[in-house]
Every structure is written in structure tokens, then in C-alpha cells.
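Peer 1: You'll find input-v5.cif just under this line, and it carries mmCIF, C-alpha atoms.
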data_start
loop_
_atom_site.group_PDB
_atom_site.id
_atom_site.type_symbol
_atom_site.label_atom_id
_atom_site.label_comp_id
_atom_site.auth_asym_id
_atom_site.auth_seq_id
_atom_site.Cartn_x
_atom_site.Cartn_y
_atom_site.Cartn_z
ATOM 1 C CA MET A 1 60.002 178.251 -280.840
ATOM 2 C CA TYR A 2 59.130 181.334 -278.835
ATOM 3 C CA VAL A 3 56.408 183.379 -280.485
ATOM 4 C CA CYS A 4 55.667 185.897 -277.730
ATOM 5 C CA LEU A 5 58.809 186.979 -275.922
ATOM 6 C CA CYS A 6 56.942 189.319 -273.566
ATOM 7 C CA ASN A 7 54.944 186.438 -272.085
ATOM 8 C CA GLY A 8 57.261 183.532 -272.938
ATOM 9 C CA ILE A 9 54.692 181.751 -275.124
ATOM 10 C CA THR A 10 55.773 179.127 -277.649
ATOM 11 C CA ASP A 11 54.180 177.863 -280.841
ATOM 12 C CA GLY A 12 53.609 174.559 -279.044
ATOM 13 C CA GLN A 13 51.575 176.285 -276.348
ATOM 14 C CA ILE A 14 49.462 178.013 -279.009
ATOM 15 C CA ARG A 15 48.823 174.689 -280.768
ATOM 16 C CA GLU A 16 47.999 173.012 -277.461
ATOM 17 C CA ALA A 17 45.458 175.733 -276.666
ATOM 18 C CA ILE A 18 43.771 174.987 -280.010
ATOM 19 C CA TYR A 19 43.817 171.240 -279.350
ATOM 20 C CA GLU A 20 42.186 171.940 -275.985
ATOM 21 C CA GLY A 21 39.324 173.912 -277.515
ATOM 22 C CA CYS A 22 40.340 177.415 -278.571
ATOM 23 C CA CYS A 23 38.951 178.090 -282.048
ATOM 24 C CA SER A 24 40.306 181.549 -282.859
ATOM 25 C CA TYR A 25 43.211 183.892 -282.285
ATOM 26 C CA ARG A 26 41.008 185.897 -279.922
ATOM 27 C CA GLU A 27 40.380 182.828 -277.750
ATOM 28 C CA VAL A 28 44.089 181.930 -277.768
ATOM 29 C CA ARG A 29 44.982 185.519 -276.799
ATOM 30 C CA GLU A 30 42.459 185.473 -273.945
ATOM 31 C CA THR A 31 43.681 182.061 -272.754
ATOM 32 C CA LEU A 32 47.448 182.524 -273.037
ATOM 33 C CA GLY A 33 47.950 186.287 -273.157
ATOM 34 C CA VAL A 34 49.826 186.099 -276.464
ATOM 35 C CA GLY A 35 49.949 189.499 -278.177
ATOM 36 C CA SER A 36 48.702 191.328 -275.106
ATOM 37 C CA GLN A 37 51.856 193.349 -274.409
ATOM 38 C CA CYS A 38 53.792 194.910 -277.315
ATOM 39 C CA GLY A 39 51.816 193.106 -280.047
ATOM 40 C CA LYS A 40 54.802 192.284 -282.278
ATOM 41 C CA CYS A 41 53.973 188.583 -282.112
ATOM 42 C CA ALA A 42 50.346 188.940 -283.219
ATOM 43 C CA CYS A 43 50.916 188.232 -286.941
ATOM 44 C CA LEU A 44 52.919 185.061 -286.288
ATOM 45 C CA ALA A 45 50.514 183.905 -283.587
ATOM 46 C CA LYS A 46 47.547 184.420 -285.932
ATOM 47 C CA GLN A 47 49.342 182.450 -288.646
ATOM 48 C CA ILE A 48 49.989 179.548 -286.262
ATOM 49 C CA VAL A 49 46.334 179.585 -285.181
ATOM 50 C CA ARG A 50 45.098 179.586 -288.805
ATOM 51 C CA GLU A 51 47.448 176.758 -289.825
ATOM 52 C CA THR A 52 46.621 174.635 -286.790
ATOM 53 C CA VAL A 53 42.859 175.079 -287.114
ATOM 54 C CA SER A 54 43.097 174.351 -290.853
ATOM 55 C CA ASN A 55 45.199 171.232 -290.261
ATOM 56 C CA MET A 56 42.767 169.996 -287.627
ATOM 57 C CA HIS A 57 39.846 170.561 -289.989
ATOM 58 C CA THR A 58 41.648 168.735 -292.812
ATOM 59 C CA ALA A 59 42.550 165.842 -290.521
ATOM 60 C CA HIS A 60 38.971 165.636 -289.272
ATOM 61 C CA VAL A 61 37.534 165.659 -292.795
ATOM 62 C CA GLY A 62 40.069 163.003 -293.801
ATOM 63 C CA GLN A 63 38.798 160.731 -291.039
ATOM 64 C CA VAL A 64 35.251 160.770 -292.292
ATOM 65 C CA GLY A 65 34.880 157.573 -294.257
ATOM 66 C CA VAL A 66 33.041 157.422 -297.515
ATOM 67 C CA GLN A 67 30.800 154.419 -297.555
ATOM 68 C CA THR A 68 30.031 152.801 -300.849
ATOM 69 C CA PHE A 69 26.525 151.539 -301.375
ATOM 70 C CA THR A 70 26.376 148.137 -303.024
ATOM 71 C CA PRO A 71 22.857 147.029 -303.844
ATOM 72 C CA ALA A 72 21.959 143.441 -303.136
ATOM 73 C CA THR A 73 21.448 141.244 -306.162
ATOM 74 C CA TYR A 74 18.499 138.916 -306.260
ATOM 75 C CA ALA A 75 17.924 136.053 -308.654
ATOM 76 C CA VAL A 76 14.657 136.399 -310.512
ATOM 77 C CA ALA A 77 12.868 133.060 -310.843
#
Written as C-alpha cells, that's how I'd like the structure from this file.

Peer 2:
Amino acid sequence: MYVCLCNGITDGQIREAIYEGCCSYREVRETLGVGSQCGKCACLAKQIVRETVSNMHTAHVGQVGVQTFTPATYAVA
């Protein structure tokens, strides 16, 4: 879906910019130019950035495995 009509920027392009390393709305704006003309798209663009960064963080945390420690048992003679 088009987010920024002035610059023809889609939500997919915003997400892709985050996947490629942008970590904030400011970085996305500097990279893509979203919100740099009339500014009407800024709220939606910020929301997409927040959701995408949050989802990436959640996915990353979900990938971290919890290892269970099982002590070795020894027979006492």
C-alpha cells in the first residue's frame, strides 16, 4: 500500500529499509524520503516503523534458545 503519495513510497519499501538496517523513523526518512514533502504520511510511516522494529525484536528474541542444564549423575561407591 502507498504510504507516501508525494514520493511514491510503499509500506513494503519502509519494511525493507528496516530489514536492511534502518532502526528508526528518522533513518527511514533519510533513506527513502518518506514524510519529507507534505508530511501527511508521517504518522502512518512511524507506525509501520514501530511495528516492524518490534516484530523483528520479538522474532529475534524468539530465536534465542533456552538451554536446560541437566547435571550429570554419578554413582557413589

Peer 1: What does the PyMOL selection byres ((chain A and resi 7) around 9) select in this file, as a list in words?

Peer 2: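 Taken on the displayed file, the PyMOL selection byres ((chain A and resi 7) around 9) yields the residues Cys4, Leu5, Cys6, Gly8, Ile9, Leu32, Gly33, Val34, Gly35, Ser36 and Gln37 of chain A.
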
Peer 1: Which distance in Å separates CA of Arg50 (chain A) and CA of Cys38 (chain A), to one decimal?

Peer 2: 21.0 Å

Peer 1: Considering only C-alpha atoms, can you say which of A:Val53, A:Ile48, A:Ala42, A:Ala59 comes closest to Gly21 (chain A)?

Peer 2: A:Val53

Peer 1: Rounded to one decimal place, report the CA of Thr58 (chain A)-CA of Ala17 (chain A) distance in Å.

Peer 2: 18.0 Å

Peer 1: Which residue is closest to Ile18 (chain A)? Choose from A:Lys40, A:Lys46, A:Thr52, A:Met1 and count all atoms listed in the file.

Peer 2: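 Smallest separation from Ile18 (chain A) among the options: A:Thr52.
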
Peer 1: Show me the residues close to (39.8, 173.6, -280.8) - anything with an atom within 12 Å, counting all atoms listed in the file - and format the list as number ranges by chain.

Peer 2: A: 14-25, 27-28, 49-50, 52-57, 60

Peer 1: Rank A:Gly39, A:Ala45, A:Glu51, A:Arg29 by their smallest atom-to-atom distance to Val3 (chain A), using all atoms listed in the file, and report the top residue only.

Peer 2: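 Result for the nearest residue to Val3 (chain A): A:Ala45.
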
Peer 1: Please rebuild region 5-19 of chain A with N, CA and C atoms and give the result as a short mmCIF file (atom, residue, chain, number, x, y, z; two decimals), keeping the file's coordinate frame.

Peer 2:
data_model
loop_
_atom_site.label_atom_id
_atom_site.label_comp_id
_atom_site.auth_asym_id
_atom_site.auth_seq_id
_atom_site.Cartn_x
_atom_site.Cartn_y
_atom_site.Cartn_z
N LEU A 5 57.72 186.86 -276.88
CA LEU A 5 58.81 186.98 -275.92
C LEU A 5 58.36 187.67 -274.64
N CYS A 6 57.42 188.59 -274.75
CA CYS A 6 56.94 189.32 -273.57
C CYS A 6 56.35 188.37 -272.52
N ASN A 7 55.61 187.37 -273.00
CA ASN A 7 54.94 186.44 -272.08
C ASN A 7 55.54 185.04 -272.11
N GLY A 8 56.60 184.83 -272.90
CA GLY A 8 57.26 183.53 -272.94
C GLY A 8 56.39 182.42 -273.50
N ILE A 9 55.63 182.72 -274.56
CA ILE A 9 54.69 181.75 -275.12
C ILE A 9 55.27 181.16 -276.40
N THR A 10 55.22 179.84 -276.50
CA THR A 10 55.77 179.13 -277.65
C THR A 10 54.68 178.73 -278.64
N ASP A 11 55.13 178.35 -279.83
CA ASP A 11 54.18 177.86 -280.84
C ASP A 11 53.49 176.59 -280.35
N GLY A 12 54.20 175.78 -279.60
CA GLY A 12 53.61 174.56 -279.04
C GLY A 12 52.47 174.86 -278.08
N GLN A 13 52.63 175.90 -277.28
CA GLN A 13 51.58 176.28 -276.35
C GLN A 13 50.35 176.80 -277.10
N ILE A 14 50.58 177.52 -278.19
CA ILE A 14 49.46 178.01 -279.01
C ILE A 14 48.72 176.83 -279.62
N ARG A 15 49.46 175.88 -280.18
CA ARG A 15 48.82 174.69 -280.77
C ARG A 15 48.05 173.89 -279.71
N GLU A 16 48.65 173.76 -278.55
CA GLU A 16 48.00 173.01 -277.46
C GLU A 16 46.69 173.69 -277.05
N ALA A 17 46.69 175.01 -277.01
CA ALA A 17 45.46 175.73 -276.67
C ALA A 17 44.36 175.44 -277.69
N ILE A 18 44.75 175.32 -278.96
CA ILE A 18 43.77 174.99 -280.01
C ILE A 18 43.29 173.55 -279.82
N TYR A 19 44.21 172.64 -279.55
CA TYR A 19 43.82 171.24 -279.35
C TYR A 19 42.87 171.10 -278.16
#
